[in-house]
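What follows is the content of protein29.cif (mmCIF, C-alpha atoms and all ligand atoms).
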```cif
data_structure
#
loop_
_atom_site.label_atom_id
_atom_site.label_comp_id
_atom_site.auth_asym_id
_atom_site.auth_seq_id
_atom_site.Cartn_x
_atom_site.Cartn_y
_atom_site.Cartn_z
CA MET A 236 103.21 112.86 133.79
CA ASP A 237 101.93 109.39 132.94
CA ILE A 238 102.16 108.89 129.17
CA GLN A 239 98.57 107.61 128.90
CA ILE A 240 97.20 110.74 130.58
CA LEU A 241 99.46 113.04 128.52
CA LEU A 242 98.31 111.32 125.31
CA GLY A 243 94.64 111.66 126.29
CA ILE A 244 94.99 115.37 127.13
CA THR A 245 96.95 116.16 123.91
CA VAL A 246 94.45 114.34 121.68
CA LEU A 247 91.46 115.98 123.36
CA ALA A 248 93.05 119.47 123.19
CA ILE A 249 93.83 119.16 119.45
CA PHE A 250 90.37 117.75 118.77
CA LEU A 251 88.63 120.60 120.62
CA LEU A 252 90.81 123.20 118.87
CA ALA A 253 90.04 121.75 115.42
CA PHE A 254 86.35 121.53 116.29
CA ALA A 255 86.34 125.15 117.51
CA ILE A 256 87.96 126.32 114.25
CA GLU A 257 85.28 124.55 112.19
CA LEU A 258 82.53 125.87 114.46
CA GLY A 259 83.90 129.41 114.21
CA SER A 260 84.03 129.19 110.43
CA GLY A 261 80.27 128.52 110.35
CA ARG A 262 80.80 125.33 108.34
CA LEU A 263 79.11 123.07 110.92
CA ARG A 264 75.76 124.77 110.33
CA LYS A 265 75.50 122.94 107.02
CA SER A 266 74.56 119.71 108.80
CA PRO A 267 70.82 118.95 108.72
CA ARG A 268 70.93 117.37 112.21
CA PRO A 269 73.55 119.10 114.39
CA GLY A 270 72.03 117.92 117.71
CA ARG A 271 72.22 114.27 116.67
CA ASP A 272 75.77 114.78 115.34
CA ALA A 273 76.81 116.29 118.70
CA LEU A 274 75.23 113.40 120.66
CA PHE A 275 77.06 110.80 118.55
CA THR A 276 80.40 112.59 118.82
CA LEU A 277 80.05 112.99 122.60
CA THR A 278 79.13 109.32 123.05
CA GLY A 279 82.10 108.33 120.88
CA LEU A 280 84.46 110.55 122.87
CA LEU A 281 83.21 109.10 126.16
CA SER A 282 83.45 105.49 125.01
CA GLN A 283 86.89 106.12 123.51
CA GLY A 284 87.95 107.61 126.83
CA MET A 285 86.60 104.79 128.95
CA ILE A 286 86.49 101.49 127.03
CA PRO A 287 90.09 101.01 125.80
CA GLY A 288 91.75 101.97 129.08
CA ALA A 289 89.36 100.69 131.71
CA LEU A 290 87.74 97.69 130.05
CA ILE A 291 90.18 96.37 127.44
CA GLY A 292 93.21 97.41 129.53
CA SER A 293 91.90 95.40 132.47
CA VAL A 294 91.13 92.34 130.31
CA ALA A 295 94.58 92.46 128.68
CA GLY A 296 96.35 93.06 132.00
CA TYR A 297 94.45 90.24 133.71
CA THR A 298 95.11 87.83 130.81
CA MET A 299 98.85 88.52 130.80
CA ALA A 300 99.18 88.46 134.56
CA HIS A 301 97.29 85.14 134.58
CA LEU A 302 99.49 83.66 131.82
CA TRP A 303 102.87 84.92 132.95
CA GLY A 304 102.31 85.74 136.60
CA GLY A 305 103.08 89.44 136.28
CA GLU A 306 106.52 88.93 134.77
CA ALA A 307 105.39 90.31 131.40
CA ALA A 308 104.78 93.79 132.83
CA GLY A 309 107.37 96.10 131.26
CA SER A 310 109.25 93.14 129.79
CA LEU A 311 109.69 94.77 126.34
CA SER A 312 110.70 98.21 127.62
CA HIS A 313 114.32 97.61 126.49
CA ILE A 314 113.26 97.63 122.80
CA PRO A 315 114.34 100.93 121.18
CA PHE A 316 111.62 103.39 120.18
CA TRP A 317 112.69 103.50 116.53
CA PHE A 318 112.22 99.77 116.22
CA ALA A 319 108.99 99.50 118.23
CA PHE A 320 107.27 102.47 116.57
CA PRO A 321 107.30 101.25 112.94
CA VAL A 322 106.39 97.70 113.99
CA ILE A 323 103.39 98.91 116.02
CA PHE A 324 102.36 101.53 113.44
CA LEU A 325 102.61 99.31 110.34
CA GLY A 326 100.98 96.36 112.10
CA GLU A 327 98.13 98.38 113.54
CA GLU A 328 97.43 100.12 110.21
CA MET A 329 97.32 96.74 108.45
CA LEU A 330 94.91 95.31 111.04
CA HIS A 331 92.75 98.42 110.80
CA TYR A 332 92.67 98.21 107.00
CA TRP A 333 91.26 94.67 107.15
CA ILE A 334 88.75 95.20 109.96
CA HIS A 335 87.51 98.33 108.17
CA ARG A 336 87.28 96.47 104.85
CA TYR A 337 85.35 93.58 106.45
CA ALA A 338 83.08 96.16 108.11
CA HIS A 339 82.02 97.18 104.60
CA GLU A 340 81.78 93.62 103.29
CA TRP A 341 80.09 91.76 106.18
CA ARG A 342 76.56 92.85 106.96
CA TRP A 343 76.63 92.40 110.78
CA LEU A 344 79.93 94.26 111.04
CA TRP A 345 78.63 96.98 108.73
CA LYS A 346 75.84 97.76 111.21
CA ILE A 347 78.48 98.53 113.85
CA HIS A 348 80.52 100.69 111.44
CA ARG A 349 77.48 102.29 109.73
CA THR A 350 77.18 105.04 112.37
CA HIS A 351 80.47 106.53 111.16
CA HIS A 352 78.95 106.72 107.67
CA SER A 353 75.53 108.15 108.48
CA ALA A 354 77.00 111.65 108.95
CA GLN A 355 75.46 113.86 106.27
CA GLU A 356 78.32 116.36 106.41
CA LEU A 357 81.98 115.75 107.08
CA ASN A 358 83.81 117.55 109.87
CA VAL A 359 86.24 116.62 112.66
CA GLY A 360 83.32 115.55 114.88
CA VAL A 361 82.92 112.51 112.61
CA VAL A 362 86.31 111.20 113.83
CA TYR A 363 84.53 110.15 117.06
CA ARG A 364 81.15 109.31 115.56
CA TYR A 365 80.61 105.61 116.02
CA ASN A 366 78.64 102.80 117.61
CA VAL A 367 80.07 102.12 121.09
CA PHE A 368 81.02 98.55 120.14
CA TRP A 369 83.23 99.79 117.29
CA VAL A 370 85.78 100.92 119.91
CA MET A 371 86.09 97.33 121.13
CA LEU A 372 86.83 96.11 117.61
CA LEU A 373 89.48 98.72 116.88
CA PRO A 374 92.98 97.20 116.75
CA GLN A 375 94.26 100.36 118.43
CA SER A 376 92.26 99.61 121.60
CA TRP A 377 93.80 96.13 121.95
CA VAL A 378 97.30 96.96 120.73
CA GLY A 379 97.34 99.86 123.22
CA ALA A 380 96.36 97.70 126.17
CA PHE A 381 99.15 95.21 125.45
CA ALA A 382 101.71 97.87 124.48
CA PHE A 383 101.31 99.79 127.75
CA TYR A 384 101.46 96.60 129.77
CA LEU A 385 104.61 95.38 128.02
CA GLY A 386 106.41 98.72 128.35
CA LEU A 387 105.99 100.03 124.79
CA GLY A 388 103.80 102.97 125.76
CA GLU A 389 105.88 105.66 124.02
CA ALA A 390 105.96 103.90 120.65
CA PHE A 391 102.23 103.22 120.89
CA ALA A 392 101.49 106.85 121.84
CA ALA A 393 103.45 108.05 118.80
CA ALA A 394 101.43 105.71 116.53
CA VAL A 395 98.19 107.01 118.05
CA MET A 396 99.25 110.62 117.43
CA VAL A 397 99.99 109.90 113.74
CA THR A 398 96.65 108.18 113.12
CA PHE A 399 94.72 110.74 115.16
CA LEU A 400 96.23 113.72 113.30
CA THR A 401 95.55 111.98 109.99
CA ASN A 402 91.94 111.42 111.05
CA VAL A 403 91.53 115.11 111.88
CA LEU A 404 93.12 116.20 108.58
CA THR A 405 91.09 113.77 106.45
CA HIS A 406 87.67 114.31 108.08
CA THR A 407 87.80 118.09 108.29
CA THR A 408 85.29 120.01 106.23
CA PHE A 409 88.16 122.12 104.85
CA ARG A 410 89.51 120.72 101.59
CA TRP A 411 93.01 121.98 102.34
CA ASP A 412 94.46 119.51 99.81
CA LEU A 413 92.54 121.00 96.87
CA TRP A 414 93.37 124.52 98.07
CA LEU A 415 97.12 123.78 98.29
CA ARG A 416 97.14 122.06 94.90
CA GLN A 417 95.41 125.01 93.31
CA LYS A 418 97.85 127.47 94.92
CA MET A 419 100.93 125.44 93.99
CA PRO A 420 100.35 123.75 90.62
CA TRP A 421 104.10 123.07 90.36
CA SER A 422 103.80 120.64 93.30
CA GLU A 423 101.53 118.19 91.41
CA PRO A 424 104.16 115.43 91.00
CA LEU A 425 104.63 115.44 94.78
CA TRP A 426 100.86 115.13 95.38
CA TRP A 427 100.68 112.28 92.85
CA LEU A 428 103.15 110.35 94.98
CA LEU A 429 101.77 111.47 98.35
CA GLU A 430 98.17 110.47 97.62
CA ARG A 431 99.30 106.93 96.77
CA VAL A 432 101.15 106.53 100.07
CA ILE A 433 99.04 108.30 102.69
CA THR A 434 95.33 109.02 103.02
CA LEU A 435 94.35 112.59 102.13
CA PRO A 436 90.97 114.39 102.40
CA ASP A 437 90.35 113.53 98.74
CA THR A 438 90.35 109.76 99.27
CA HIS A 439 88.66 109.75 102.68
CA HIS A 440 85.93 112.20 101.65
CA ALA A 441 85.30 109.84 98.71
CA HIS A 442 84.93 106.99 101.24
CA HIS A 443 82.13 108.93 103.02
CA ALA A 444 80.41 110.23 99.89
CA TYR A 445 77.72 109.05 97.56
CA GLY A 446 77.05 110.25 94.03
CA LYS A 447 79.82 111.90 92.04
CA GLY A 448 83.38 111.35 93.26
CA ALA A 449 82.26 108.66 95.75
CA HIS A 450 84.09 105.44 96.58
CA PRO A 451 82.45 104.02 99.73
CA ASN A 452 83.63 100.45 99.10
CA GLY A 453 87.31 101.24 99.07
CA ASN A 454 89.88 103.69 100.51
CA TYR A 455 89.87 101.83 103.84
CA ALA A 456 93.28 102.80 105.26
CA VAL A 457 93.45 105.38 108.06
CA THR A 458 96.93 106.68 107.27
CA LEU A 459 98.81 104.31 104.98
CA PHE A 460 96.83 104.53 101.75
CA ILE A 461 99.47 102.34 100.19
CA TYR A 462 97.59 99.38 101.71
CA ASP A 463 94.59 100.30 99.52
CA VAL A 464 96.92 100.51 96.52
CA ILE A 465 98.47 97.11 97.32
CA PHE A 466 95.14 95.34 98.05
CA GLY A 467 93.31 96.84 95.05
CA THR A 468 90.77 99.06 96.83
CA ALA A 469 92.24 102.49 96.02
CA LYS A 470 90.36 105.15 94.12
CA ILE A 471 91.61 108.73 93.83
CA PRO A 472 88.89 111.02 92.46
CA ASN A 473 90.74 114.38 92.80
CA ARG A 474 87.54 116.37 93.21
CA ARG A 475 85.19 117.88 95.76
CA GLN A 476 82.32 115.61 96.80
CA THR A 477 78.83 117.05 97.14
CA SER A 478 76.79 114.40 99.01
CA PHE A 479 77.85 112.59 102.16
CA GLY A 480 76.21 109.94 104.31
CA LEU A 481 73.79 107.19 103.42
CA PRO A 482 70.51 107.36 101.50
CA ILE A 483 68.80 105.78 104.57
CA ALA A 484 70.58 108.04 107.11
CA SER A 485 67.41 109.93 108.08
CA ARG A 486 65.53 106.65 108.70
CA LEU A 487 67.93 105.15 111.24
CA HIS A 488 66.94 105.20 114.91
CA TRP A 489 69.56 106.96 117.06
CA ALA A 490 69.61 104.20 119.71
CA GLU A 491 70.29 101.51 117.11
CA GLU A 492 73.03 103.67 115.60
CA LEU A 493 74.78 103.92 118.96
CA PHE A 494 74.09 100.53 120.51
CA TRP A 495 73.40 97.88 117.80
CA PRO A 496 73.30 94.85 118.33
CA LEU A 497 72.14 95.60 121.89
CA VAL A 498 69.34 97.79 120.53
CA LYS A 499 67.52 96.86 117.31
CA LYS A 500 64.96 99.14 115.74
CA PRO A 501 63.08 99.01 112.42
CA LEU A 502 63.77 101.66 109.80
CA LEU A 503 61.77 104.81 110.48
CA PRO A 504 59.19 105.87 107.84
CA LYS A 505 60.47 107.85 104.86
CA PRO A 506 60.39 111.56 105.66
CA VAL A 507 57.76 113.46 103.67
CA LYS A 508 59.43 116.00 101.42
CA ALA A 509 57.91 119.43 100.96
CA GLY A 510 55.86 119.38 97.79
CA ASP A 511 55.07 115.65 97.99
CA ALA A 512 51.42 114.89 97.23
CA VAL A 513 49.47 113.95 100.38
CA ALA A 514 47.96 110.47 100.09
CA PRO A 515 44.13 110.58 99.85
CA ALA A 516 43.81 108.24 102.89
CA ALA A 517 45.76 110.71 105.04
CA THR A 518 43.35 113.54 104.21
CA GLY A 519 40.30 111.57 105.31
CA ARG A 520 38.74 111.72 101.85
ZN ZN A 601 84.12 103.01 106.35
ZN ZN A 602 85.83 108.43 108.25
#
```

Structure rendered as structure tokens:
Amino acid sequence: MDIQILLGITVLAIFLLAFAIELGSGRLRKSPRPGRDALFTLTGLLSQGMIPGALIGSVAGYTMAHLWGGEAAGSLSHIPFWFAFPVIFLGEEMLHYWIHRYAHEWRWLWKIHRTHHSAQELNVGVVYRYNVFWVMLLPQSWVGAFAFYLGLGEAFAAAVMVTFLTNVLTHTTFRWDLWLRQKMPWSEPLWWLLERVITLPDTHHAHHAYGKGAHPNGNYAVTLFIYDVIFGTAKIPNRRQTSFGLPIASRLHWAEELFWPLVKKPLLPKPVKAGDAVAPAATGR
């Protein structure tokens, strides 16, 4: 079977299995807006399925065919897997670290990344929760298009599997890291090392949180947390976070969340909380 199709099927199957486990556990009911969450995840899944392959793949293929007259196709297929894989993986993780960091530092880029952060509960569905244009900015989309064209599909597929599995394990609602640490206190020195090298639920939940144990402006790496350590953006809270999302999450229009900058909408009015005094003007008095 074609490696691109096999990769797509494997990723989708693991995602659906993880999602079903969370759904079965009843944990997804905690979200205040499950319908909106489902819409965003479905749109993300569809754009992830269509944009990198069809759109970016065509652009990359056309560019290379135009530049090298088709000779580039498969031209790097002689490179051994164990050389190509670390080069692709380390390079892509580094690129992702910086694009993700700029997405938190530059306002216009933040509006494209913000959709991933407006989730008020964390679960595996958030892995695919994003503005459709975010897919076009992901290094993985571009690296993949070139890698397949040049004959490095296997090494690229392996890198995708590592980052995808990390994403599932770090976005899940289950704090398996805290559970394991509690069950095996003797393993603490290992965790100390591990959490400085790879991203764990602790550091990525902190990235999505606000309030206690939060660190939204840091912990940018998908898998290789060591990049956060090296570039000074690491924070390891070692605790369970209680609030996720953004204070303005309930005031964002869904169409802007999915399609900004194509769709721009003003912030919606503040929701009236139960128990809030009704303004005299609203009562007609
Ligand atoms: Zn982020
Ligand atoms: Zn995330």

Mind listing the residues within 10 Å of ligand ZN 602 (chain A), all atoms listed in the file counted, as a ChimeraX atom specification?
/A:348,351-352,354,357-359,361-365,402-403,405-407,436,439-443,454-457

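Each of A:Ala289, A:Leu258, A:Met329, A:Leu274 was compared to Ser376 in chain A using only C-alpha atoms, and A:Ala289 turns out to be the nearest.
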
Kindly give the distance, in Å, that separates CA of Val370 in chain A and CA of Ile286 in chain A, rounded to a single decimal.
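Value for the CA of Val370 in chain A-CA of Ile286 in chain A distance: 7.2 Å.
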
Just to confirm, what's the straight-line distance from CA of Leu344 in chain A to CA of Phe368 in chain A in Å (one decimal)?
10.1 Å

With distances taken over only C-alpha atoms, the candidate from A:Lys447, A:Ile256, A:Glu430, A:Gln375 nearest Arg416 in chain A is A:Glu430

In Å, rounded to a single decimal, give me how far CA of Ser266 in chain A is from CA of Glu356 in chain A.
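CA of Ser266 in chain A lies at a distance of 5.6 Å from CA of Glu356 in chain A.
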
Contacts of Phe494 in chain A at 12 Å (all atoms listed in the file; same-chain gap of 6+ positions) as a PyMOL selection string:
chain A and resi 275+278-279+282+346-350+365-370+488+500

Counting only C-alpha atoms, which residues come within 9 Å of (109.9, 98.0, 118.8), with the point read in the file's coordinates, and could you list them as a PyMOL selection string?
chain A and resi 311-323+387+390

Kindly compute an axis-aligned box around the listed atoms of range 402-414 of chain A, allowing 8 Å on each side, and express its centre and edge lengths in Å to one decimal as lines of an AutoDock Vina configuration file.
```
center_x = 89.9
center_y = 118.0
center_z = 104.4
size_x = 25.2
size_y = 29.1
size_z = 31.0
```

May I ask which of the residues A:Phe409, A:Trp303, A:Trp345, A:Phe254 is the closest one to ligand ZN 601 (chain A), counting all atoms listed in the file?
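Checking each candidate against ligand ZN 601 (chain A), we get A:Trp345 as the closest.
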